[in-house]
file work_7.cif (mmCIF, C-alpha atoms and all ligand atoms)
data_final
#
loop_
_atom_site.label_atom_id
_atom_site.label_comp_id
_atom_site.auth_asym_id
_atom_site.auth_seq_id
_atom_site.Cartn_x
_atom_site.Cartn_y
_atom_site.Cartn_z
CA MET X 1 -29.03 45.27 152.55
CA TYR X 2 -25.27 45.21 152.02
CA GLU X 3 -24.33 47.96 154.47
CA LYS X 4 -23.39 45.46 157.19
CA ASN X 5 -20.87 44.03 154.73
CA VAL X 6 -19.38 47.46 154.27
CA GLU X 7 -19.10 47.83 158.03
CA ARG X 8 -17.38 44.47 158.26
CA ILE X 9 -14.85 45.46 155.62
CA GLU X 10 -14.18 48.74 157.44
CA GLN X 11 -13.77 46.87 160.70
CA LEU X 12 -11.25 44.48 159.12
CA VAL X 13 -9.23 47.42 157.83
CA GLN X 14 -9.21 48.98 161.31
CA GLU X 15 -8.16 45.69 162.86
CA GLN X 16 -5.38 45.26 160.30
CA ASN X 17 -4.11 48.79 160.96
CA SER X 18 -3.90 48.35 164.68
CA TRP X 19 -2.68 44.74 164.61
CA ARG X 20 0.09 45.21 162.06
CA SER X 21 1.35 48.45 163.60
CA HIS X 22 1.85 46.46 166.81
CA THR X 23 3.58 43.41 165.36
CA ILE X 24 7.27 42.93 164.71
CA ASN X 25 7.16 42.63 160.93
CA LEU X 26 10.17 40.84 159.48
CA ILE X 27 8.81 39.99 156.01
CA ALA X 28 11.75 40.80 153.76
CA SER X 29 9.65 42.08 150.83
CA GLU X 30 7.62 44.67 152.73
CA ASN X 31 8.10 48.09 154.24
CA VAL X 32 6.01 50.99 155.52
CA LEU X 33 5.25 54.34 153.97
CA SER X 34 5.72 57.60 155.80
CA LYS X 35 2.49 59.24 156.90
CA ARG X 36 2.89 61.87 154.19
CA ALA X 37 3.50 59.32 151.44
CA ARG X 38 0.50 57.29 152.65
CA GLN X 39 -1.89 60.19 152.97
CA VAL X 40 -1.66 61.26 149.31
CA MET X 41 -2.89 57.86 148.15
CA GLY X 42 -6.48 58.77 148.98
CA SER X 43 -6.44 61.81 146.66
CA ASP X 44 -8.42 62.43 143.48
CA PHE X 45 -5.58 60.79 141.53
CA CYS X 46 -6.89 57.38 142.58
CA HIS X 47 -9.83 57.95 140.20
CA ARG X 48 -7.86 59.05 137.13
CA TYR X 49 -6.25 57.77 133.95
CA ALA X 50 -3.05 58.95 132.28
CA GLU X 51 -1.92 56.59 129.53
CA GLY X 52 1.16 57.56 127.53
CA HIS X 53 3.84 60.03 128.62
CA PRO X 54 3.63 63.46 130.29
CA GLY X 55 2.59 65.99 127.65
CA GLU X 56 1.55 63.22 125.23
CA ARG X 57 -1.44 61.62 126.95
CA TYR X 58 -4.50 59.96 125.51
CA TYR X 59 -6.66 61.73 128.14
CA GLN X 60 -7.44 65.32 129.05
CA GLY X 61 -7.03 66.68 132.59
CA THR X 62 -3.55 65.24 133.23
CA GLU X 63 -1.54 68.44 133.79
CA LYS X 64 -0.89 67.79 137.49
CA ILE X 65 0.14 64.17 137.10
CA ASP X 66 2.31 65.20 134.14
CA GLU X 67 4.33 67.44 136.43
CA ILE X 68 4.51 64.81 139.18
CA GLU X 69 5.53 62.01 136.78
CA THR X 70 8.19 64.21 135.19
CA ARG X 71 9.59 65.14 138.60
CA VAL X 72 9.67 61.59 139.96
CA SER X 73 11.31 60.27 136.78
CA GLN X 74 13.98 62.98 136.82
CA HIS X 75 14.77 62.55 140.49
CA LEU X 76 14.87 58.76 140.35
CA LYS X 77 17.22 59.02 137.36
CA ALA X 78 19.45 61.30 139.42
CA LEU X 79 19.30 58.93 142.41
CA PHE X 80 20.33 55.92 140.32
CA GLY X 81 22.59 57.87 137.95
CA CYS X 82 21.04 56.30 134.85
CA ARG X 83 19.99 57.57 131.39
CA HIS X 84 16.58 55.93 131.22
CA ILE X 85 13.85 55.14 133.68
CA GLU X 86 10.41 53.63 133.25
CA VAL X 87 8.16 54.41 136.21
CA ARG X 88 4.84 53.12 134.85
CA PRO X 89 4.86 49.37 135.72
CA ILE X 90 2.48 48.84 138.59
CA SER X 91 4.64 46.18 140.30
CA GLY X 92 8.02 44.50 140.11
CA THR X 93 6.58 41.51 138.28
CA VAL X 94 4.89 43.81 135.76
CA ALA X 95 8.24 45.58 135.27
CA ASN X 96 9.83 42.18 134.68
CA ASP X 97 7.17 41.24 132.16
CA ALA X 98 7.56 44.58 130.34
CA VAL X 99 11.23 43.63 129.80
CA PHE X 100 11.02 39.84 129.40
CA SER X 101 8.22 40.13 126.81
CA ARG X 102 10.52 42.23 124.60
CA TYR X 103 13.85 40.47 125.17
CA ILE X 104 13.11 36.75 125.46
CA LYS X 105 12.66 35.36 121.97
CA SER X 106 10.57 32.24 121.60
CA ASN X 107 12.34 29.33 123.30
CA ALA X 108 15.60 31.18 123.83
CA VAL X 109 17.80 29.76 126.61
CA VAL X 110 17.50 31.85 129.76
CA MET X 111 19.68 31.42 132.87
CA VAL X 112 18.08 32.33 136.21
CA ASN X 113 18.48 31.65 139.92
CA SER X 114 16.72 28.46 141.01
CA THR X 115 13.74 28.64 143.38
CA SER X 116 15.66 27.19 146.32
CA GLY X 117 18.63 29.36 145.35
CA GLY X 118 16.33 32.33 145.95
CA GLY X 119 15.08 33.08 142.40
CA HIS X 120 11.79 34.95 142.06
CA ILE X 121 8.70 33.23 140.71
CA SER X 122 8.47 35.63 137.75
CA HIS X 123 11.86 34.27 136.55
CA HIS X 124 10.52 30.74 136.36
CA ARG X 125 8.44 28.34 134.31
CA GLN X 126 5.17 29.17 136.08
CA GLY X 127 5.86 32.91 135.94
CA SER X 128 6.66 35.56 133.33
CA VAL X 129 9.77 33.91 131.79
CA GLY X 130 7.80 30.68 131.27
CA LYS X 131 5.38 32.54 128.98
CA TYR X 132 8.18 33.08 126.45
CA THR X 133 10.46 30.05 126.72
CA GLU X 134 10.65 26.50 128.00
CA ASN X 135 14.43 26.63 128.06
CA ILE X 136 15.21 27.83 131.55
CA ILE X 137 18.41 26.74 133.27
CA ASN X 138 19.80 27.67 136.67
CA PHE X 139 22.93 29.53 137.69
CA PRO X 140 25.31 27.06 139.34
CA LEU X 141 25.93 27.86 143.00
CA THR X 142 28.95 27.31 145.22
CA ARG X 143 28.61 24.66 147.94
CA ASP X 144 27.30 27.06 150.56
CA GLY X 145 24.37 27.87 148.22
CA TYR X 146 24.56 31.64 148.55
CA HIS X 147 27.04 32.53 145.79
CA ILE X 148 27.10 32.09 142.01
CA ASP X 149 29.88 29.73 140.90
CA VAL X 150 31.52 31.78 138.13
CA LYS X 151 33.86 29.00 136.99
CA GLU X 152 31.00 26.56 136.54
CA THR X 153 28.97 29.30 134.81
CA VAL X 154 31.78 29.64 132.24
CA ASN X 155 31.73 25.87 131.78
CA ILE X 156 27.95 25.83 131.14
CA LEU X 157 28.22 28.76 128.73
CA SER X 158 30.79 26.85 126.68
CA LYS X 159 28.16 24.18 126.04
CA VAL X 160 24.77 25.93 126.12
CA PRO X 161 23.76 28.90 123.91
CA VAL X 162 22.36 31.14 126.67
CA LYS X 163 20.74 34.33 125.31
CA ILE X 164 19.49 36.02 128.48
CA MET X 165 20.72 35.98 132.06
CA ILE X 166 18.51 37.15 134.91
CA MET X 167 20.34 37.91 138.13
CA GLY X 168 18.88 39.14 141.41
CA LYS X 169 16.68 37.11 143.74
CA SER X 170 14.29 37.03 146.69
CA LEU X 171 16.56 35.26 149.15
CA TYR X 172 19.47 37.61 148.80
CA LEU X 173 22.22 37.73 151.38
CA PHE X 174 25.38 38.66 149.45
CA PRO X 175 26.30 40.70 146.37
CA ASP X 176 26.67 38.71 143.15
CA PRO X 177 29.72 38.76 140.86
CA VAL X 178 27.93 41.08 138.41
CA LYS X 179 31.16 42.45 136.91
CA GLU X 180 32.44 38.99 135.97
CA ILE X 181 29.06 37.85 134.64
CA ALA X 182 28.62 41.10 132.66
CA GLU X 183 32.05 40.56 131.08
CA LEU X 184 31.01 37.06 129.99
CA CYS X 185 27.72 38.44 128.66
CA ARG X 186 29.57 41.03 126.55
CA GLU X 187 31.85 38.34 125.07
CA LEU X 188 28.96 36.02 124.26
CA ASP X 189 26.34 38.59 123.28
CA ILE X 190 24.03 37.69 126.17
CA THR X 191 21.60 40.27 127.55
CA LEU X 192 22.09 40.70 131.30
CA ILE X 193 18.93 41.65 133.19
CA TYR X 194 19.22 42.26 136.93
CA ASP X 195 16.14 42.11 139.16
CA ALA X 196 16.96 44.47 142.03
CA ALA X 197 13.55 44.25 143.72
CA HIS X 198 14.89 43.28 147.13
CA ILE X 199 17.94 45.46 147.33
CA LEU X 200 16.90 48.58 145.40
CA GLY X 201 16.99 50.70 148.57
CA LEU X 202 20.43 49.36 149.48
CA ILE X 203 21.72 50.24 146.01
CA ALA X 204 20.21 53.73 146.27
CA GLY X 205 21.70 54.06 149.76
CA LYS X 206 25.12 52.90 148.50
CA ARG X 207 25.26 49.80 150.72
CA PHE X 208 25.07 47.26 147.89
CA PRO X 209 26.95 47.30 144.56
CA ASP X 210 25.18 49.10 141.71
CA PRO X 211 24.42 46.52 138.97
CA LEU X 212 24.23 49.15 136.20
CA LYS X 213 27.72 50.39 137.08
CA ASP X 214 28.91 46.80 137.14
CA GLY X 215 27.63 46.19 133.60
CA ALA X 216 24.04 44.94 133.74
CA HIS X 217 22.14 45.95 130.62
CA ILE X 218 18.75 46.42 132.29
CA VAL X 219 17.70 46.67 135.94
CA THR X 220 14.13 45.98 137.04
CA ALA X 221 12.81 46.42 140.57
CA SER X 222 9.86 46.90 142.83
CA THR X 223 9.75 50.09 144.86
CA HIS X 224 8.48 48.89 148.23
CA LYS X 225 10.98 46.52 149.81
CA THR X 226 14.25 48.06 150.93
CA PHE X 227 13.20 51.06 148.83
CA PHE X 228 10.42 52.26 151.12
CA GLY X 229 7.97 53.54 148.48
CA SER X 230 4.48 52.56 147.37
CA GLN X 231 3.88 49.20 145.69
CA ARG X 232 5.04 49.72 142.09
CA GLY X 233 7.82 48.70 139.69
CA ILE X 234 10.57 50.45 137.73
CA VAL X 235 13.04 49.72 134.94
CA LEU X 236 16.46 51.43 134.72
CA SER X 237 19.06 51.36 131.96
CA ASN X 238 21.89 53.21 130.24
CA MET X 239 21.11 51.69 126.84
CA LYS X 240 20.80 53.65 123.56
CA ASP X 241 17.60 55.65 123.02
CA SER X 242 16.63 53.53 120.00
CA GLU X 243 16.80 50.34 122.07
CA TRP X 244 14.91 51.91 125.00
CA ALA X 245 11.85 52.28 122.74
CA LEU X 246 11.38 48.51 123.18
CA ILE X 247 11.06 48.81 126.96
CA ASP X 248 8.83 51.85 126.59
CA LYS X 249 6.38 49.80 124.52
CA GLY X 250 6.78 46.86 126.88
CA ALA X 251 5.59 49.05 129.77
CA PHE X 252 2.76 50.68 127.83
CA PRO X 253 0.76 49.24 126.19
CA GLY X 254 2.63 45.92 126.63
CA SER X 255 2.01 45.30 130.30
CA SER X 256 -0.38 47.98 131.56
CA SER X 257 -2.71 50.71 130.38
CA ASN X 258 -3.38 53.08 133.25
CA HIS X 259 -0.59 53.06 135.83
CA HIS X 260 -2.37 53.83 139.13
CA LEU X 261 -1.62 57.50 139.59
CA ASP X 262 -2.20 57.69 143.33
CA THR X 263 0.64 55.27 144.04
CA LEU X 264 2.94 57.18 141.69
CA VAL X 265 2.26 60.38 143.63
CA SER X 266 3.15 58.56 146.81
CA LEU X 267 6.35 57.20 145.22
CA ALA X 268 7.38 60.77 144.44
CA ILE X 269 7.30 61.62 148.16
CA SER X 270 9.27 58.50 149.11
CA THR X 271 11.84 59.32 146.42
CA TYR X 272 12.54 62.68 148.09
CA GLU X 273 12.76 60.94 151.47
CA PHE X 274 15.29 58.59 149.95
CA LEU X 275 17.31 61.39 148.41
CA GLU X 276 17.45 63.09 151.83
CA PHE X 277 17.90 60.14 154.19
CA GLY X 278 18.56 57.04 152.03
CA GLU X 279 22.23 56.51 152.82
CA GLU X 280 21.72 56.78 156.57
CA TYR X 281 18.74 54.40 156.40
CA ALA X 282 20.51 51.80 154.20
CA ASP X 283 23.53 51.84 156.48
CA GLN X 284 21.34 51.16 159.51
CA VAL X 285 19.46 48.37 157.67
CA VAL X 286 22.67 46.44 157.00
CA LYS X 287 24.00 47.05 160.53
CA ASN X 288 20.70 45.80 161.96
CA ALA X 289 20.69 42.65 159.81
CA LYS X 290 24.24 41.79 160.84
CA THR X 291 23.50 42.45 164.52
CA LEU X 292 20.36 40.31 164.46
CA GLY X 293 22.29 37.50 162.71
CA GLN X 294 24.97 37.58 165.40
CA ALA X 295 22.42 37.74 168.25
CA LEU X 296 20.37 34.83 166.87
CA ASP X 297 23.56 32.81 166.45
CA GLU X 298 24.53 33.54 170.05
CA ALA X 299 21.03 32.50 171.13
CA GLY X 300 21.68 29.07 169.58
CA PHE X 301 19.89 29.38 166.21
CA LYS X 302 21.40 28.01 163.01
CA VAL X 303 21.78 31.24 161.09
CA GLU X 304 22.87 30.49 157.54
CA ALA X 305 26.15 31.69 156.01
CA LYS X 306 27.89 32.25 159.35
CA GLU X 307 31.29 31.80 157.68
CA PHE X 308 30.52 34.84 155.49
CA GLY X 309 29.25 37.05 158.35
CA PHE X 310 25.58 36.03 157.93
CA THR X 311 24.59 38.80 155.48
CA GLU X 312 25.48 41.93 153.54
CA SER X 313 21.84 42.85 152.88
CA HIS X 314 18.59 43.41 154.80
CA GLN X 315 17.97 39.67 155.04
CA LEU X 316 18.92 36.66 157.11
CA ALA X 317 18.13 33.01 156.50
CA VAL X 318 17.79 30.68 159.47
CA ASN X 319 17.60 26.89 159.36
CA VAL X 320 14.84 26.05 161.82
CA SER X 321 14.60 22.29 161.20
CA GLU X 322 15.36 21.68 164.88
CA GLN X 323 12.49 23.95 165.92
CA GLY X 324 9.92 22.16 163.71
CA GLY X 325 10.67 23.53 160.20
CA GLY X 326 9.84 26.77 158.43
CA ASP X 327 6.07 26.40 158.25
CA GLU X 328 5.58 25.59 161.92
CA VAL X 329 8.04 28.20 163.15
CA ALA X 330 6.47 30.96 161.01
CA ARG X 331 3.03 30.07 162.43
CA ILE X 332 4.25 30.01 166.03
CA LEU X 333 5.93 33.39 165.59
CA LYS X 334 2.80 34.86 164.01
CA ASP X 335 0.79 33.76 167.04
CA ASN X 336 3.35 35.70 169.08
CA ASN X 337 3.00 38.89 167.02
CA ILE X 338 6.24 38.34 165.06
CA ILE X 339 5.58 38.04 161.34
CA LEU X 340 7.86 36.54 158.71
CA ASN X 341 7.73 33.81 156.06
CA MET X 342 8.94 30.25 155.74
CA ASN X 343 11.56 29.90 153.01
CA LEU X 344 13.31 27.20 151.04
CA LEU X 345 17.02 27.24 151.77
CA PRO X 346 19.45 26.67 148.89
CA LEU X 347 20.12 23.03 149.78
CA ASP X 348 16.41 22.15 150.30
CA PRO X 349 14.80 19.91 147.67
CA LEU X 350 11.92 21.66 145.83
CA GLU X 351 9.44 19.15 147.28
CA ARG X 352 9.91 20.87 150.64
CA VAL X 353 8.28 24.04 149.35
CA SER X 354 5.33 23.85 151.75
CA ASN X 355 7.49 23.01 154.76
CA PRO X 356 11.01 24.16 154.00
CA SER X 357 13.81 24.01 156.51
CA GLY X 358 14.16 27.77 156.69
CA ILE X 359 12.68 31.10 157.58
CA ARG X 360 13.65 34.38 155.92
CA ILE X 361 14.01 37.53 158.00
CA GLY X 362 14.15 41.12 156.72
CA VAL X 363 14.94 44.03 159.04
CA GLN X 364 14.14 46.95 156.71
CA GLU X 365 10.66 47.71 158.07
CA MET X 366 11.72 47.62 161.71
CA THR X 367 14.65 49.88 160.76
CA ARG X 368 12.18 52.30 159.19
CA VAL X 369 10.26 52.57 162.46
CA GLY X 370 13.48 53.50 164.22
CA MET X 371 14.96 50.26 165.54
CA LYS X 372 18.73 49.96 165.84
CA GLU X 373 21.24 47.38 167.08
CA LYS X 374 19.88 47.35 170.66
CA GLU X 375 16.39 46.52 169.42
CA MET X 376 17.74 43.72 167.21
CA LYS X 377 19.11 42.07 170.36
CA THR X 378 15.68 42.38 171.97
CA ILE X 379 14.10 40.68 168.95
CA ALA X 380 16.64 37.84 169.14
CA ALA X 381 15.80 37.38 172.83
CA LEU X 382 12.07 37.16 171.96
CA PHE X 383 12.88 34.49 169.33
CA LYS X 384 14.81 32.51 171.92
CA ARG X 385 12.08 32.67 174.57
CA CYS X 386 9.39 31.77 172.06
CA LEU X 387 11.09 29.11 169.92
CA MET X 388 13.65 27.60 172.30
CA ASN X 389 11.84 27.92 175.64
CA GLY X 390 8.28 27.56 174.35
CA GLU X 391 7.11 30.73 176.13
CA TYR X 392 4.22 32.92 174.94
CA VAL X 393 5.81 36.29 174.11
CA GLY X 394 2.98 37.86 172.09
CA ASP X 395 2.14 40.52 174.70
CA ASP X 396 5.80 41.43 175.19
CA ALA X 397 6.33 41.65 171.42
CA LYS X 398 3.30 43.94 171.13
CA ALA X 399 4.36 46.16 174.03
CA PHE X 400 7.88 46.43 172.61
CA ARG X 401 6.63 47.30 169.10
CA ALA X 402 4.17 49.87 170.47
CA GLN X 403 7.13 52.12 171.29
CA TYR X 404 8.11 52.46 167.61
CA GLN X 405 5.33 54.35 165.86
CA VAL X 406 7.28 57.19 164.24
CA ILE X 407 8.24 56.51 160.62
CA HIS X 408 11.92 57.42 160.44
CA TYR X 409 13.91 58.72 157.44
CA SER X 410 10.88 60.76 156.35
CA PHE X 411 9.53 64.32 156.29
CA ASP X 412 6.75 63.43 158.73
CA PRO X 413 6.54 66.23 161.34
CA ASP X 414 6.89 63.82 164.29
CA TYR X 415 10.11 62.41 162.82
CA LEU X 416 11.55 65.83 162.00
CA GLU X 417 10.83 66.91 165.56
CA LEU X 418 12.47 63.79 166.99
CA ARG X 419 15.47 64.30 164.73
CA SER X 420 15.92 67.92 165.71
CA LYS X 421 15.71 66.99 169.44
CA ASN X 422 18.37 64.30 169.05
CA LYS X 423 20.69 66.36 166.92
CA PRO X 424 24.04 66.77 168.68
CA LYS X 425 24.44 70.38 169.86
CA ALA X 426 27.20 72.38 168.20
CA VAL X 427 30.15 72.77 170.57
CA ALA X 428 31.17 76.40 171.13
CA ASN X 429 34.85 77.14 170.50
N1 LIG X 501 7.65 37.00 146.62
C1 LIG X 501 8.12 38.26 147.10
C2 LIG X 501 9.11 38.08 148.19
O1 LIG X 501 8.64 37.93 149.31
O2 LIG X 501 10.32 38.10 148.02
C3 LIG X 501 8.62 39.16 146.05
O3 LIG X 501 7.67 39.38 145.06
#

call {"tool": "encode", "arguments": {"input": "work_7.cif", "output": "structure tokens"}}
result
Amino acid sequence: MYEKNVERIEQLVQEQNSWRSHTINLIASENVLSKRARQVMGSDFCHRYAEGHPGERYYQGTEKIDEIETRVSQHLKALFGCRHIEVRPISGTVANDAVFSRYIKSNAVVMVNSTSGGGHISHHRQGSVGKYTENIINFPLTRDGYHIDVKETVNILSKVPVKIMIMGKSLYLFPDPVKEIAELCRELDITLIYDAAHILGLIAGKRFPDPLKDGAHIVTASTHKTFFGSQRGIVLSNMKDSEWALIDKGAFPGSSSNHHLDTLVSLAISTYEFLEFGEEYADQVVKNAKTLGQALDEAGFKVEAKEFGFTESHQLAVNVSEQGGGDEVARILKDNNIILNMNLLPLDPLERVSNPSGIRIGVQEMTRVGMKEKEMKTIAALFKRCLMNGEYVGDDAKAFRAQYQVIHYSFDPDYLELRSKNKPKAVAN
């Protein structure tokens, strides 16, 4: 009786696979897995439980996942050069909650990035932080809206007893003054938590400053944005072992029981891809973002933060008020096989949340499928034809994207073959 429903679901999955592999995806919080990292997600591990730590589980039959979890933890620790890692949170928000639930005392004052300033929903009243305190205040920003105003932060701290600061955000163009803020936190006994969800891959690839090195106490992140792994979360720190026990309990049993073993297995594969190719990939991501910013500017778009070179990350923000606003522009682009999201810009009032003046662009996924500076210029030209000239470019966008089906910076055989073909030949002496 229900088999037709099953067929419909299967059909939708097929349609999604072919549609999204032929769209130009510019959503800044997404990425694609290599074929090898994706394939292992259908394994027996997707049926299993493994609460606790490797070697100390509450279930039998966990020997294989014990080895995998130990390996991924060790190699991620090496990649981020940190003493502690928690790999069990099943998403970035769960990682945040594992930490916030242990560190934010009832009604403590917490300083975060505002929503229009790019702060993530889990840092706010309606999200995880709001479960523990009502006292949430925003980092002051400089007039351009993309930088923390350190002087004004000092001024606020002289008047307000802030206990926790949460840096990192979802609209994230430029590095923050983590060193200066960490110094203030040390003086005033404030815990500095840094949410690196968006730029984790750029930190691992050494194209964005490392917040732990700059003095953050705890780093949380998701593993599937610029870090091109499966959808999970992690926590990193160099704190003392005795203090780390708090985070350990926050992750399990505080915020999850089983931790979705199939996606952890996949993350292990992406971690090795990152260790091998991460720096090259991160470098290309930032080059691509800067090139697209420049090309959109030359095409006549109002790309934000021009005076600062548009971006130092994987993202761009564009004010599209003149083209109908963020909501309309995102819909038009989607109908033309270009996918991104509308976004509040720092100077937008919160009431504009459902039709903000901006769109946010992320180039990490298109970098992963092999696009470089030349392709960024092609994308800018498609934007211009579609949004400035009112042309339908959906078929051209699809035909263009069809040429990029190999997942780069991976151990997939098709990529390794491509890489070996393009390797410059050694010159004989
Ligand atoms: N809201 C997501 C983003 O797009 O940035 C992160 O969870």

call {"tool": "residues_near_ligand", "arguments": {"input": "work_7.cif", "ligand": "ligand LIG 501 (chain X)", "cutoff": "9 Å", "atoms": "only C-alpha atoms and all ligand atoms", "output": "JSON, numbers by chain"}}
result
{"X": [27, 28, 29, 30, 91, 92, 93, 118, 119, 120, 121, 122, 169, 170, 171, 197, 198, 222, 225, 341]}

call {"tool": "closest_residue", "arguments": {"input": "work_7.cif", "among": "X:Gln39, X:Leu202, X:Ile181, X:Ile68", "to": "Glu280 of chain X", "atoms": "only C-alpha atoms"}}
result
X:Leu202

call {"tool": "atom_distance", "arguments": {"input": "work_7.cif", "atom1": "atom CA of Glu3 of chain X", "atom2": "atom CA of Thr263 of chain X"}}
result
28.0 Å

call {"tool": "closest_residue", "arguments": {"input": "work_7.cif", "among": "X:Glu134, X:Glu180, X:Glu10, X:Glu86", "to": "Ala108 of chain X", "atoms": "all atoms listed in the file"}}
result
X:Glu134

call {"tool": "closest_atom_pairs", "arguments": {"input": "work_7.cif", "of": "segment 207-313 of chain X", "to": "segment 386-394 of chain X", "cutoff": "9 Å", "atoms": "all atoms listed in the file", "output": "tab-separated table"}}
result
residue	atom	partner	partner_atom	distance
X:Ala299	CA	X:Met388	CA	8.9
X:Gly300	CA	X:Met388	CA	8.6
X:Phe301	CA	X:Met388	CA	8.9

call {"tool": "residues_around", "arguments": {"input": "work_7.cif", "residues": "Gly358 of chain X", "least_positions_apart": "4", "cutoff": "6 Å", "atoms": "all atoms listed in the file", "output": "list in words"}}
result
Val318, Asn319, Val320, Gly326, Met342, Asn343, Leu344 and Leu345 of chain X

call {"tool": "closest_residue", "arguments": {"input": "work_7.cif", "among": "X:Pro346, X:Gly215, X:Gly362, X:Pro356", "to": "Gly324 of chain X", "atoms": "all atoms listed in the file"}}
result
X:Pro356

call {"tool": "residues_around", "arguments": {"input": "work_7.cif", "residues": "Asp144 of chain X", "least_positions_apart": "2", "cutoff": "12 Å", "atoms": "all atoms listed in the file", "output": "MDAnalysis selection string"}}
result
chainID X and resid 117 140:142 146:149 173:174 304:308 310 345:348

call {"tool": "closest_residue", "arguments": {"input": "work_7.cif", "among": "X:Leu340, X:Ser354, X:Ala402, X:Phe228", "to": "Asn25 of chain X", "atoms": "all atoms listed in the file"}}
result
X:Leu340

call {"tool": "atom_distance", "arguments": {"input": "work_7.cif", "atom1": "atom CA of Asp327 of chain X", "atom2": "atom CA of Glu351 of chain X"}}
result
13.6 Å

call {"tool": "atom_distance", "arguments": {"input": "work_7.cif", "atom1": "atom CA of Leu316 of chain X", "atom2": "atom CA of Val285 of chain X"}}
result
11.7 Å
